[in-house]
Structure formats: C-alpha cells, structure tokens
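Source file: input_20.cif; contents: mmCIF, C-alpha atoms and all ligand atoms.
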data_target
#
loop_
_atom_site.label_atom_id
_atom_site.label_comp_id
_atom_site.auth_asym_id
_atom_site.auth_seq_id
_atom_site.Cartn_x
_atom_site.Cartn_y
_atom_site.Cartn_z
CA SER H 1 70.06 88.77 74.00
CA ALA H 2 69.88 86.09 76.66
CA SER H 3 72.57 84.05 74.92
CA ASP H 4 75.08 86.90 75.29
CA LYS H 5 74.48 86.54 79.01
CA GLY H 6 75.87 83.02 78.81
CA GLY H 7 73.05 81.56 80.87
CA TRP H 8 73.20 84.26 83.57
CA SER H 9 70.03 86.17 84.52
CA SER H 10 71.67 89.52 83.75
CA PHE H 11 74.85 90.97 82.32
CA MET H 12 75.66 92.19 85.80
CA ALA H 13 75.43 88.68 87.27
CA LYS H 14 77.68 87.45 84.47
CA GLU H 15 80.20 90.27 84.91
CA VAL H 16 80.34 89.86 88.70
CA SER H 17 81.12 86.18 88.17
CA GLU H 18 83.82 87.04 85.62
CA GLN H 19 85.87 89.03 88.14
CA PRO H 20 88.52 86.35 88.75
CA ASP H 21 89.21 86.26 85.00
CA ALA H 22 89.08 90.04 84.71
CA VAL H 23 91.90 90.41 87.24
CA ALA H 24 93.87 87.50 85.76
CA ASN H 25 93.63 89.13 82.33
CA THR H 26 94.82 92.47 83.70
CA LEU H 27 97.90 90.77 85.17
CA ARG H 28 98.66 88.63 82.13
CA GLY H 29 101.96 89.41 80.41
CA ARG H 30 102.89 92.05 82.97
CA ILE H 31 104.61 89.83 85.52
CA VAL H 32 107.88 88.23 84.47
CA ASP H 33 109.60 85.86 86.91
CA GLY H 34 107.52 87.26 89.74
CA VAL H 35 108.42 90.89 88.93
CA VAL H 36 106.06 93.52 87.51
CA VAL H 37 107.16 95.02 84.21
CA ILE H 38 104.63 97.09 82.29
CA PRO H 39 105.81 97.27 78.67
CA GLU H 40 103.43 100.18 77.99
CA LEU H 41 105.47 102.38 80.37
CA ALA H 42 108.81 101.62 78.70
CA GLU H 43 108.63 104.68 76.46
CA PHE H 44 108.79 107.01 79.48
CA GLY H 45 112.11 105.61 80.51
CA ASP H 46 112.75 104.74 84.14
CA GLU H 47 114.43 108.11 84.82
CA ALA H 48 111.26 110.00 83.90
CA LEU H 49 109.18 107.84 86.26
CA ALA H 50 111.80 108.23 89.00
CA ARG H 51 111.57 112.05 88.71
CA ILE H 52 107.81 112.25 89.37
CA ARG H 53 107.05 114.29 92.49
CA ARG H 54 103.29 113.99 92.58
CA ILE H 55 100.48 111.91 91.08
CA VAL H 56 96.97 113.18 90.46
CA ILE H 57 94.36 110.51 89.76
CA ILE H 58 91.28 111.74 87.91
CA ALA H 59 88.09 109.74 87.35
CA CYS H 60 84.34 109.67 87.93
CA GLY H 61 82.01 107.27 89.68
CA THR H 62 83.24 103.79 90.46
CA ALA H 63 86.54 104.48 88.68
CA ALA H 64 87.23 107.28 91.18
CA TYR H 65 86.81 104.81 94.04
CA ALA H 66 89.36 102.50 92.37
CA GLY H 67 91.66 105.54 92.43
CA GLN H 68 90.97 106.14 96.11
CA VAL H 69 91.88 102.52 96.89
CA ALA H 70 95.10 102.74 94.85
CA LYS H 71 96.27 105.92 96.60
CA TYR H 72 97.16 103.85 99.68
CA ALA H 73 99.29 101.37 97.72
CA ILE H 74 101.03 103.97 95.53
CA GLU H 75 102.01 106.12 98.51
CA LYS H 76 103.13 103.15 100.61
CA TRP H 77 105.08 101.35 97.89
CA ALA H 78 106.33 104.09 95.55
CA LYS H 79 106.47 106.96 98.11
CA VAL H 80 104.86 109.49 95.79
CA PRO H 81 102.10 111.76 97.12
CA VAL H 82 98.77 110.99 95.43
CA ASP H 83 95.67 113.16 95.14
CA VAL H 84 92.47 111.60 93.87
CA GLU H 85 90.11 114.05 92.20
CA LEU H 86 86.76 113.84 90.51
CA SER H 87 87.42 114.88 86.91
CA HIS H 88 84.74 117.59 86.87
CA GLU H 89 86.05 119.16 90.08
CA PHE H 90 89.71 118.99 89.04
CA ARG H 91 89.29 120.84 85.83
CA TYR H 92 87.34 123.83 87.09
CA ARG H 93 89.36 124.83 90.13
CA ASP H 94 92.66 126.00 88.65
CA PRO H 95 94.62 123.01 89.95
CA VAL H 96 98.36 123.28 90.44
CA ILE H 97 100.05 121.17 87.76
CA GLU H 98 103.80 121.10 87.33
CA ASN H 99 105.93 119.25 84.85
CA ASP H 100 106.85 116.67 87.49
CA THR H 101 103.13 115.95 88.08
CA LEU H 102 101.88 112.69 86.60
CA VAL H 103 98.17 112.53 85.84
CA VAL H 104 96.60 109.06 85.88
CA SER H 105 93.07 108.91 84.53
CA ILE H 106 90.83 105.90 85.12
CA SER H 107 87.88 105.18 82.84
CA GLN H 108 86.24 101.90 81.90
CA SER H 109 84.77 103.31 78.69
CA GLY H 110 87.55 105.73 77.89
CA GLU H 111 84.82 108.11 76.70
CA THR H 112 83.61 109.89 79.86
CA MET H 113 83.56 113.53 78.79
CA ASP H 114 84.38 114.96 82.23
CA THR H 115 87.49 112.79 82.43
CA LEU H 116 88.51 113.44 78.83
CA MET H 117 88.33 117.20 79.34
CA ALA H 118 90.34 116.92 82.57
CA VAL H 119 93.06 114.93 80.78
CA LYS H 120 93.24 117.50 77.98
CA TYR H 121 93.41 120.32 80.51
CA ALA H 122 96.22 118.61 82.43
CA ARG H 123 98.25 117.95 79.30
CA GLU H 124 97.90 121.55 78.14
CA ALA H 125 99.20 122.58 81.56
CA GLY H 126 102.31 120.44 81.02
CA ALA H 127 101.49 117.20 82.83
CA VAL H 128 102.24 113.74 81.49
CA ALA H 129 99.08 111.61 81.35
CA ILE H 130 98.63 107.87 81.71
CA SER H 131 95.24 106.29 81.03
CA ILE H 132 93.88 103.20 82.78
CA CYS H 133 91.17 102.06 80.39
CA ASN H 134 89.12 98.98 79.52
CA THR H 135 88.19 99.87 75.93
CA GLN H 136 90.73 99.47 73.15
CA GLY H 137 91.24 102.57 71.04
CA ALA H 138 88.92 104.80 73.10
CA THR H 139 89.31 108.58 73.14
CA ILE H 140 90.94 109.06 76.57
CA PRO H 141 93.83 106.64 75.84
CA ARG H 142 94.35 108.39 72.50
CA GLU H 143 94.63 111.73 74.30
CA SER H 144 97.14 110.32 76.82
CA ASN H 145 100.89 109.73 76.67
CA ALA H 146 100.49 106.06 77.58
CA VAL H 147 97.74 103.59 78.36
CA ILE H 148 97.52 100.56 80.60
CA TYR H 149 94.54 98.56 79.35
CA THR H 150 92.69 96.54 81.96
CA HIS H 151 91.61 93.77 79.52
CA ALA H 152 88.58 92.92 81.72
CA GLY H 153 86.47 92.25 78.61
CA PRO H 154 83.40 94.26 77.56
CA GLU H 155 81.30 95.50 80.49
CA VAL H 156 77.65 95.81 79.48
CA ALA H 157 75.78 96.36 82.75
CA VAL H 158 75.61 100.06 83.60
CA ALA H 159 76.89 99.54 87.16
CA SER H 160 80.61 98.82 86.99
CA THR H 161 81.89 95.64 88.66
CA LYS H 162 84.60 93.65 86.88
CA ALA H 163 86.11 96.84 85.47
CA PHE H 164 86.51 98.12 89.05
CA VAL H 165 88.58 95.17 90.30
CA ALA H 166 90.58 95.23 87.06
CA GLN H 167 91.27 98.94 87.55
CA ILE H 168 92.62 98.30 91.05
CA ALA H 169 94.76 95.44 89.71
CA ALA H 170 96.15 97.69 86.95
CA LEU H 171 96.87 100.47 89.43
CA TYR H 172 98.66 98.03 91.74
CA LEU H 173 100.77 96.84 88.80
CA PHE H 174 101.55 100.47 88.08
CA ALA H 175 102.45 101.08 91.75
CA LEU H 176 104.79 98.07 91.82
CA HIS H 177 106.40 99.09 88.52
CA LEU H 178 106.91 102.58 89.94
CA ALA H 179 108.32 101.24 93.23
CA ARG H 180 110.79 99.11 91.29
CA VAL H 181 112.10 101.92 89.09
CA ARG H 182 112.21 104.35 92.02
CA GLY H 183 113.93 101.81 94.25
CA THR H 184 111.43 102.36 97.08
CA LEU H 185 110.80 98.65 97.65
CA GLY H 186 113.38 95.90 97.96
CA SER H 187 113.18 92.87 95.72
CA ALA H 188 111.76 90.63 98.46
CA GLU H 189 108.90 93.08 99.05
CA LEU H 190 108.26 93.44 95.32
CA LEU H 191 108.04 89.67 94.97
CA GLU H 192 105.77 89.38 98.00
CA HIS H 193 103.26 92.02 96.83
CA THR H 194 103.29 90.66 93.28
CA ALA H 195 102.54 87.18 94.59
CA GLU H 196 99.63 88.61 96.63
CA LEU H 197 98.26 90.17 93.46
CA GLN H 198 98.56 86.90 91.55
CA ALA H 199 96.61 85.11 94.28
CA ILE H 200 93.66 87.52 94.01
CA PRO H 201 91.70 85.83 91.17
CA GLU H 202 91.36 82.61 93.15
CA LYS H 203 90.41 84.52 96.32
CA ILE H 204 87.71 86.44 94.43
CA ALA H 205 86.38 83.08 93.22
CA THR H 206 86.22 81.93 96.85
CA THR H 207 84.46 85.16 97.87
CA LEU H 208 81.84 84.60 95.17
CA LEU H 209 80.82 81.43 97.03
CA GLN H 210 79.11 83.77 99.56
CA GLY H 211 76.50 84.50 96.88
CA ASP H 212 73.69 82.45 98.43
CA ALA H 213 74.18 83.96 101.89
CA VAL H 214 74.19 87.46 100.42
CA ARG H 215 71.05 86.75 98.37
CA GLN H 216 69.24 85.62 101.51
CA LEU H 217 70.32 88.76 103.35
CA ALA H 218 69.19 90.94 100.42
CA THR H 219 65.75 89.34 100.29
CA TRP H 220 65.28 90.10 104.00
CA MET H 221 66.24 93.71 103.43
CA THR H 222 64.07 94.78 100.48
CA ASP H 223 62.09 97.18 102.69
CA SER H 224 65.18 99.10 103.85
CA ARG H 225 64.79 102.87 103.50
CA ALA H 226 68.44 103.75 104.10
CA VAL H 227 71.60 101.71 104.45
CA LEU H 228 74.93 102.91 105.84
CA PHE H 229 78.38 101.59 104.97
CA LEU H 230 81.46 102.05 107.16
CA GLY H 231 85.07 101.32 106.32
CA ARG H 232 88.52 102.42 107.36
CA HIS H 233 91.80 102.79 105.43
CA VAL H 234 91.32 100.96 102.09
CA GLY H 235 87.94 99.81 103.41
CA PHE H 236 86.70 103.42 103.28
CA PRO H 237 86.51 103.70 99.48
CA ILE H 238 84.94 100.22 99.48
CA ALA H 239 82.22 101.53 101.80
CA LEU H 240 81.67 104.40 99.33
CA GLU H 241 81.48 101.94 96.44
CA GLY H 242 79.05 99.67 98.33
CA ALA H 243 76.78 102.68 98.91
CA LEU H 244 77.04 103.77 95.27
CA LYS H 245 76.08 100.30 94.04
CA LEU H 246 72.99 100.26 96.27
CA LYS H 247 71.89 103.72 95.08
CA GLU H 248 72.48 102.87 91.41
CA LEU H 249 70.76 99.48 91.40
CA ALA H 250 68.21 99.38 94.20
CA TYR H 251 67.31 103.10 94.45
CA ILE H 252 67.85 102.99 98.20
CA HIS H 253 69.39 105.93 100.00
CA ALA H 254 72.86 104.80 100.96
CA GLU H 255 75.90 106.55 102.43
CA GLY H 256 79.45 105.44 102.93
CA PHE H 257 81.51 106.83 105.81
CA ALA H 258 85.03 106.55 107.13
CA ALA H 259 84.59 104.53 110.32
CA GLY H 260 86.80 106.96 112.25
CA GLU H 261 84.41 109.77 111.33
CA LEU H 262 81.44 108.05 113.00
CA LYS H 263 81.73 109.98 116.26
CA HIS H 264 82.06 113.27 114.37
CA GLY H 265 78.54 113.11 112.98
CA PRO H 266 77.17 109.99 111.32
CA ILE H 267 76.49 108.21 114.62
CA ALA H 268 73.53 110.57 115.04
CA LEU H 269 71.85 108.62 112.24
CA ILE H 270 71.86 105.36 114.17
CA GLU H 271 68.49 104.33 115.52
CA PRO H 272 67.07 100.90 116.29
CA GLY H 273 66.95 98.70 113.19
CA GLN H 274 69.20 100.91 111.02
CA PRO H 275 71.17 98.55 108.74
CA VAL H 276 74.92 99.24 108.70
CA PHE H 277 77.50 97.34 106.68
CA VAL H 278 80.98 97.43 108.20
CA VAL H 279 84.08 96.51 106.20
CA VAL H 280 86.44 95.24 108.91
CA PRO H 281 90.23 95.31 108.43
CA SER H 282 92.18 92.14 109.08
CA PRO H 283 92.98 91.43 112.76
CA ARG H 284 96.38 90.09 111.63
CA GLY H 285 97.41 92.53 108.92
CA SER H 286 95.87 95.64 110.51
CA ALA H 287 96.29 94.84 114.18
CA HIS H 288 96.27 98.59 115.02
CA LEU H 289 93.04 99.40 113.14
CA HIS H 290 91.02 96.24 113.74
CA PRO H 291 90.17 97.00 117.41
CA LYS H 292 89.14 100.56 116.51
CA VAL H 293 86.64 99.29 113.94
CA VAL H 294 85.38 96.61 116.36
CA SER H 295 84.73 99.35 118.90
CA ASN H 296 82.83 101.33 116.20
CA ILE H 297 80.70 98.23 115.72
CA GLN H 298 80.02 98.05 119.47
CA GLU H 299 79.03 101.73 119.50
CA ILE H 300 76.46 101.38 116.73
CA ARG H 301 75.23 98.04 118.01
CA ALA H 302 74.60 99.58 121.44
CA ARG H 303 72.31 102.10 119.68
CA GLY H 304 70.32 99.36 117.98
CA ALA H 305 71.94 99.20 114.55
CA ARG H 306 71.53 96.03 112.55
CA VAL H 307 75.16 95.21 111.80
CA ILE H 308 76.32 93.33 108.75
CA VAL H 309 80.03 92.69 108.92
CA ILE H 310 82.43 91.87 106.11
CA ALA H 311 85.37 90.30 107.87
CA GLU H 312 88.32 88.06 107.28
CA GLN H 313 87.76 84.34 107.66
CA GLY H 314 88.51 83.43 111.28
CA ASP H 315 87.99 86.94 112.73
CA ALA H 316 86.31 85.90 115.99
CA ALA H 317 86.30 89.36 117.60
CA VAL H 318 83.43 90.61 115.42
CA LEU H 319 81.14 87.63 115.98
CA PRO H 320 79.48 88.74 119.26
CA PHE H 321 78.44 92.11 117.79
CA ALA H 322 77.31 91.20 114.28
CA ASP H 323 73.84 90.26 113.12
CA THR H 324 75.32 88.85 109.93
CA VAL H 325 78.91 88.02 109.06
CA ILE H 326 80.15 87.65 105.50
CA HIS H 327 83.60 86.13 105.29
CA ILE H 328 86.36 86.97 102.86
CA PRO H 329 89.59 84.99 102.43
CA LEU H 330 92.84 86.06 104.10
CA ALA H 331 94.79 88.69 102.16
CA ALA H 332 97.35 91.38 102.94
CA PRO H 333 95.57 94.61 104.02
CA LEU H 334 96.05 96.53 100.75
CA PHE H 335 94.51 93.65 98.81
CA GLU H 336 91.35 93.29 100.91
CA PRO H 337 89.33 95.77 98.79
CA LEU H 338 89.49 93.40 95.82
CA LEU H 339 87.62 90.86 97.96
CA ALA H 340 85.46 93.01 100.25
CA VAL H 341 83.77 94.78 97.33
CA VAL H 342 82.37 91.50 95.96
CA PRO H 343 79.67 90.88 98.60
CA LEU H 344 78.65 94.54 98.36
CA GLN H 345 78.17 94.22 94.58
CA LEU H 346 76.20 91.02 95.11
CA PHE H 347 74.08 92.61 97.82
CA ALA H 348 73.04 95.55 95.64
CA MET H 349 72.36 93.26 92.68
CA GLU H 350 70.31 90.77 94.71
CA LEU H 351 68.33 93.44 96.51
CA ALA H 352 67.48 95.17 93.22
CA THR H 353 66.53 91.80 91.71
CA ALA H 354 64.32 91.01 94.71
CA LYS H 355 62.59 94.37 94.15
CA GLY H 356 61.96 93.39 90.53
CA LEU H 357 64.29 96.06 89.10
CA ASP H 358 66.42 95.86 85.96
CA VAL H 359 69.97 95.54 87.26
CA ASP H 360 71.57 95.98 83.85
CA GLN H 361 69.82 99.25 83.01
CA PRO H 362 68.99 101.24 86.13
CA ARG H 363 66.76 104.25 85.63
CA ASN H 364 68.33 107.61 84.73
CA LEU H 365 71.86 106.22 84.27
CA ALA H 366 74.02 105.68 81.21
CA LYS H 367 76.96 103.31 80.81
CA SER H 368 79.15 106.09 79.59
CA VAL H 369 78.41 109.75 80.00
CA THR H 370 79.70 111.52 76.92
CA VAL H 371 78.42 114.97 77.82
CA GLU H 372 79.81 117.32 80.46
C1 LIG H 401 78.85 106.39 84.52
C2 LIG H 401 78.52 104.96 84.94
C3 LIG H 401 79.35 104.56 86.16
C4 LIG H 401 80.83 104.77 85.89
C5 LIG H 401 81.12 106.22 85.49
C6 LIG H 401 82.53 106.39 84.97
O1 LIG H 401 78.33 107.29 85.44
O2 LIG H 401 77.15 104.85 85.24
O3 LIG H 401 79.12 103.18 86.44
O4 LIG H 401 81.57 104.44 87.05
O5 LIG H 401 80.27 106.60 84.41
O6 LIG H 401 82.64 105.69 83.77
P1 LIG H 401 84.02 105.34 83.09
O7 LIG H 401 83.67 104.72 81.76
O8 LIG H 401 84.75 106.67 82.90
O9 LIG H 401 84.76 104.44 83.98
#
Can you give me the file's structure in the form of structure tokens?
Ligand code: G6P
Amino acid sequence: SASDKGGWSSFMAKEVSEQPDAVANTLRGRIVDGVVVIPELAEFGDEALARIRRIVIIACGTAAYAGQVAKYAIEKWAKVPVDVELSHEFRYRDPVIENDTLVVSISQSGETMDTLMAVKYAREAGAVAISICNTQGATIPRESNAVIYTHAGPEVAVASTKAFVAQIAALYLFALHLARVRGTLGSAELLEHTAELQAIPEKIATTLLQGDAVRQLATWMTDSRAVLFLGRHVGFPIALEGALKLKELAYIHAEGFAAGELKHGPIALIEPGQPVFVVVPSPRGSAHLHPKVVSNIQEIRARGARVIVIAEQGDAAVLPFADTVIHIPLAAPLFEPLLAVVPLQLFAMELATAKGLDVDQPRNLAKSVTVE
C-alpha cells in the first residue's frame, strides 16, 4: 500500500533514499575502536582465514556487480586472488575448487536458485562458504558455513538498490577483517580505510541531492533508443550496473563497457547524438587513470556522442568535454562506486517514471528467481 512507501511515489524511490541508512546498518556493531571485527567470522578462527589461497565470489544480477566491485578491494587489501563468477556459469563448468578456496556468495534474497545450487556444489567439492545476505534465515545462509547479513532492511522493488550498496559495504568489512587477520595491511591503513567506510552514509546522502538534476536529464532523454555506460577500474562494474538498471526499469537497450576497451570495438557504436555515461575516476586518487578516461571522453565527444559525466566534485578537466556533469563527493578511489552508482539508479528510475512505467514491478522480472 501507499503507506508502506512512507510517502514516496514508489518502493524504489523509498529504497534509493534509504541507502545512507542501509550502509550505516551494515556497518553497525562491526567496527570497534575504528577497527573492523566481524563476530560472524570468529568461528573460522583467524588461522583458517589466513590460510585461504583463493576466493571465488558467486552471485547473479546486481549482486554479481557488487562482487566485481569488491574484487578490487579484497585483492588490494587482503592480497588474495579473487574470481567473480555468475552462479549459473560457475556450477556447470567443472570449476577447480580446493580446500583452501573460500566461496563467498552474495544474494539479497538468499533464495536465488542458481546461487543456492552453486553454493551446494562448492561445499560438496570441499570449499568453505560464506554468505552475504539481506534476508534473515534464508536458504543460502543456512547452506553456508557463515553469514554476514547486510541489514539493509526489506527491499521490495524488483530492481536492487539499497541492497547493492549494503553488499559492497559488507564485502569491504570482510576485506578489512581479512586484511587484519592476514597482516596484509598495517594498523594505520586499516584505520584509514575503515574511517572512509564510516563516512560513506553521509556522502551517499550528499549524492542524493543530485536527484533534481538527474530527473531533469532523464526527462530530456525519454526518447533514447540506446545508452552506453563507460567506466574503468571500480567504475567498470558501476557502468555495468548503470546499464542493467536502465534495461530493467526503462526497457532501453543499454551496455556497459570498460573504458579501456573502447578502442577495441565499442567506439564503432558512437554516432552523433549517442548518449554515453562516463564514470570518471578521481583526478586526485587515481591520477594515473583519470587522464586516460578524460581522453576516452574526448574521443567519443569528437564523434558526436552526448556525454554525461559522473565526476568528483571539483574535477575541472572533464568540464570542457561534458554535456552534463553530475558531481559526487570526494572519496578514496575504492569507495567511489558507493557514490557513483546513486545517480545511475536515479536516472533509470526517473526515466522509467517519465515513460509512465511501473518502477517497482518491471515487466518479465521477479524479485527473487527461485527456479534454475
Ligand atoms: C533477480 C532480480 C535482480 C537481482 C537478482 C539476484 O534477477 O531481479 O534485481 O539482482 O535476482 O537476486 P539476489 O536475491 O540473489 O540478490
């Protein structure tokens, strides 16, 4: 009913707005004196976590993109190789699983059949399985050795939003816990990254203030036939998620690409008027990547693309080449996805709304897919 929406026009609008709380709730009780300690992992013992040689993340849909984002942080902080696999692909290709492989599944519902079957398969093959889940007592956590609940609150809209940022927050907690027990980060670095994580809820709230600008952009773009999304490093999975949101909600053909891949194919798609969103890395934090993405923007702009840039507040280098700039607050590079995804969620929601579509229940989709 409308009252459940708390005055919002849709569950999705409500859930997008709840993202600062979703992340705060994921962090609650897991940071003690500025240090990450996840009580749910205590039963493994630190030695078991220190012995892990490889992590395989399995998930579907938006949850898989949360996994792709987290791969960068886990490898950088905990120095463990991470593969991210779609659950349905993992299970049917005879994957190599050894007893020092840790499987981390991600599922908002905890009921996605493809992911459940992949977890069962991995455990039968001898892996230890951790579940990142938003639903208390769901099947996937019950089939796992341990669970880190995201505590984002119930997510009703079919397209996942607050669960996604909560999943990234939970995975970053996991990465910092792992880095601590493995001794791969010093205490100053652990404190610094943990503080960055704790600052995210407020920065998401600031990002949400771009809502009016994004709505205006979306209403101009209702006739778009195809929209491209480019990102690099952690911005790449965010480009994929931005494209997925637009497909799911607005039924517009959308593709996400790694910006570095542009010259290897996708640039052939650029013709005058083609809308392209570009997630730009920070000029401060990613000084080596920022100019490469700016030159990608110049290349597509020279071919007539209509460029919508998501860039850090104060990034002046992008201004001459962008038709529209959406600003996000300053954050360390690994934390930018938690902010950059917000305008992309809003864009898909506003464009679908402007087209008169039901953003909570898009056609052909289900909130949780309990068949293979
Ligand atoms: C469905 C939903 C997606 C979701 C995916 C995984 O396809 O429509 O929004 O990302 O399932 O769901 P899960 O509950 O496993 O996170």
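Here the question is which of H:Cys60, H:Leu230, H:Ser368, H:Ser87 gets nearest to H:Ala138 using all atoms listed in the file, and that residue is H:Ser368.
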- Item | Residues near H:Gly256, cut-off 12 Å, all atoms listed in the file, skip fewer than 4 positions along chain, as a ChimeraX atom specification | /H:65,226-232,235-247,260-262,266,276-279,344
- Message: Within 9 Å of ligand LIG 401 (chain H) (counting only C-alpha atoms and all ligand atoms), which residues show up? I'd like them as a PyMOL selection string.
- Response: chain H and resi 59-65+105-116+133-135+157-161+163-164+245+248+362+365-370
- Could you check how far atom CA of H:Leu346 sits from atom CA of H:Pro275, in Å to one decimal?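 Taking atom CA of H:Leu346 and atom CA of H:Pro275, their separation equals 16.4 Å.
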- Tell me which protein, DNA and RNA residues are within 10 Å of H:Glu43, counting all atoms listed in the file, leaving out same-chain ones fewer than 3 positions away, and put them as a PyMOL selection string. chain H and resi 39-40+46+48+145-146
Complete stretch 164-196 of chain H at the level of N, CA and C atoms, written as a short mmCIF file (atom, residue, chain, number, x, y, z; two decimals), in the frame of the given file.
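The result, stored in out.cif:
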data_model
loop_
_atom_site.label_atom_id
_atom_site.label_comp_id
_atom_site.auth_asym_id
_atom_site.auth_seq_id
_atom_site.Cartn_x
_atom_site.Cartn_y
_atom_site.Cartn_z
N PHE H 164 85.99 97.54 87.81
CA PHE H 164 86.51 98.12 89.05
C PHE H 164 87.66 97.30 89.61
N VAL H 165 87.48 95.99 89.75
CA VAL H 165 88.58 95.17 90.30
C VAL H 165 89.76 95.16 89.34
N ALA H 166 89.48 95.19 88.04
CA ALA H 166 90.58 95.23 87.06
C ALA H 166 91.33 96.56 87.14
N GLN H 167 90.61 97.64 87.40
CA GLN H 167 91.27 98.94 87.55
C GLN H 167 92.21 98.93 88.76
N ILE H 168 91.75 98.37 89.87
CA ILE H 168 92.62 98.30 91.05
C ILE H 168 93.84 97.44 90.74
N ALA H 169 93.63 96.31 90.07
CA ALA H 169 94.76 95.44 89.71
C ALA H 169 95.75 96.18 88.82
N ALA H 170 95.25 96.94 87.84
CA ALA H 170 96.15 97.69 86.95
C ALA H 170 96.91 98.76 87.72
N LEU H 171 96.22 99.42 88.64
CA LEU H 171 96.87 100.47 89.43
C LEU H 171 97.92 99.88 90.37
N TYR H 172 97.67 98.69 90.87
CA TYR H 172 98.66 98.03 91.74
C TYR H 172 99.88 97.60 90.92
N LEU H 173 99.64 97.13 89.69
CA LEU H 173 100.77 96.84 88.80
C LEU H 173 101.59 98.10 88.57
N PHE H 174 100.89 99.18 88.29
CA PHE H 174 101.55 100.47 88.08
C PHE H 174 102.36 100.87 89.33
N ALA H 175 101.76 100.71 90.50
CA ALA H 175 102.45 101.08 91.75
C ALA H 175 103.71 100.24 91.95
N LEU H 176 103.62 98.95 91.63
CA LEU H 176 104.79 98.07 91.82
C LEU H 176 105.87 98.37 90.78
N HIS H 177 105.45 98.68 89.56
CA HIS H 177 106.40 99.09 88.52
C HIS H 177 107.14 100.37 88.98
N LEU H 178 106.35 101.31 89.47
CA LEU H 178 106.91 102.58 89.94
C LEU H 178 107.86 102.36 91.12
N ALA H 179 107.48 101.52 92.04
CA ALA H 179 108.32 101.24 93.23
C ALA H 179 109.63 100.59 92.81
N ARG H 180 109.57 99.75 91.77
CA ARG H 180 110.79 99.11 91.29
C ARG H 180 111.74 100.13 90.67
N VAL H 181 111.20 100.98 89.76
CA VAL H 181 112.10 101.92 89.09
C VAL H 181 112.57 103.02 90.05
N ARG H 182 111.80 103.32 91.06
CA ARG H 182 112.21 104.35 92.02
C ARG H 182 113.05 103.78 93.15
N GLY H 183 113.12 102.46 93.21
CA GLY H 183 113.93 101.81 94.25
C GLY H 183 113.36 101.97 95.65
N THR H 184 112.04 102.14 95.76
CA THR H 184 111.43 102.36 97.08
C THR H 184 111.03 101.06 97.77
N LEU H 185 111.04 99.96 97.03
CA LEU H 185 110.80 98.65 97.65
C LEU H 185 111.97 97.73 97.29
N GLY H 186 112.36 96.90 98.24
CA GLY H 186 113.38 95.90 97.96
C GLY H 186 112.81 94.75 97.14
N SER H 187 113.68 93.92 96.61
CA SER H 187 113.18 92.87 95.72
C SER H 187 112.31 91.86 96.45
N ALA H 188 112.60 91.59 97.72
CA ALA H 188 111.76 90.63 98.46
C ALA H 188 110.34 91.17 98.61
N GLU H 189 110.24 92.48 98.90
CA GLU H 189 108.90 93.08 99.05
C GLU H 189 108.16 93.10 97.71
N LEU H 190 108.89 93.43 96.65
CA LEU H 190 108.26 93.44 95.32
C LEU H 190 107.70 92.06 94.99
N LEU H 191 108.49 91.04 95.26
CA LEU H 191 108.04 89.67 94.97
C LEU H 191 106.82 89.31 95.81
N GLU H 192 106.86 89.72 97.08
CA GLU H 192 105.77 89.38 98.00
C GLU H 192 104.45 90.03 97.56
N HIS H 193 104.50 91.33 97.23
CA HIS H 193 103.26 92.02 96.83
C HIS H 193 102.75 91.50 95.49
N THR H 194 103.69 91.18 94.59
CA THR H 194 103.29 90.66 93.28
C THR H 194 102.61 89.30 93.44
N ALA H 195 103.15 88.49 94.34
CA ALA H 195 102.54 87.18 94.59
C ALA H 195 101.13 87.34 95.18
N GLU H 196 100.97 88.33 96.06
CA GLU H 196 99.63 88.61 96.63
C GLU H 196 98.64 88.95 95.51
#
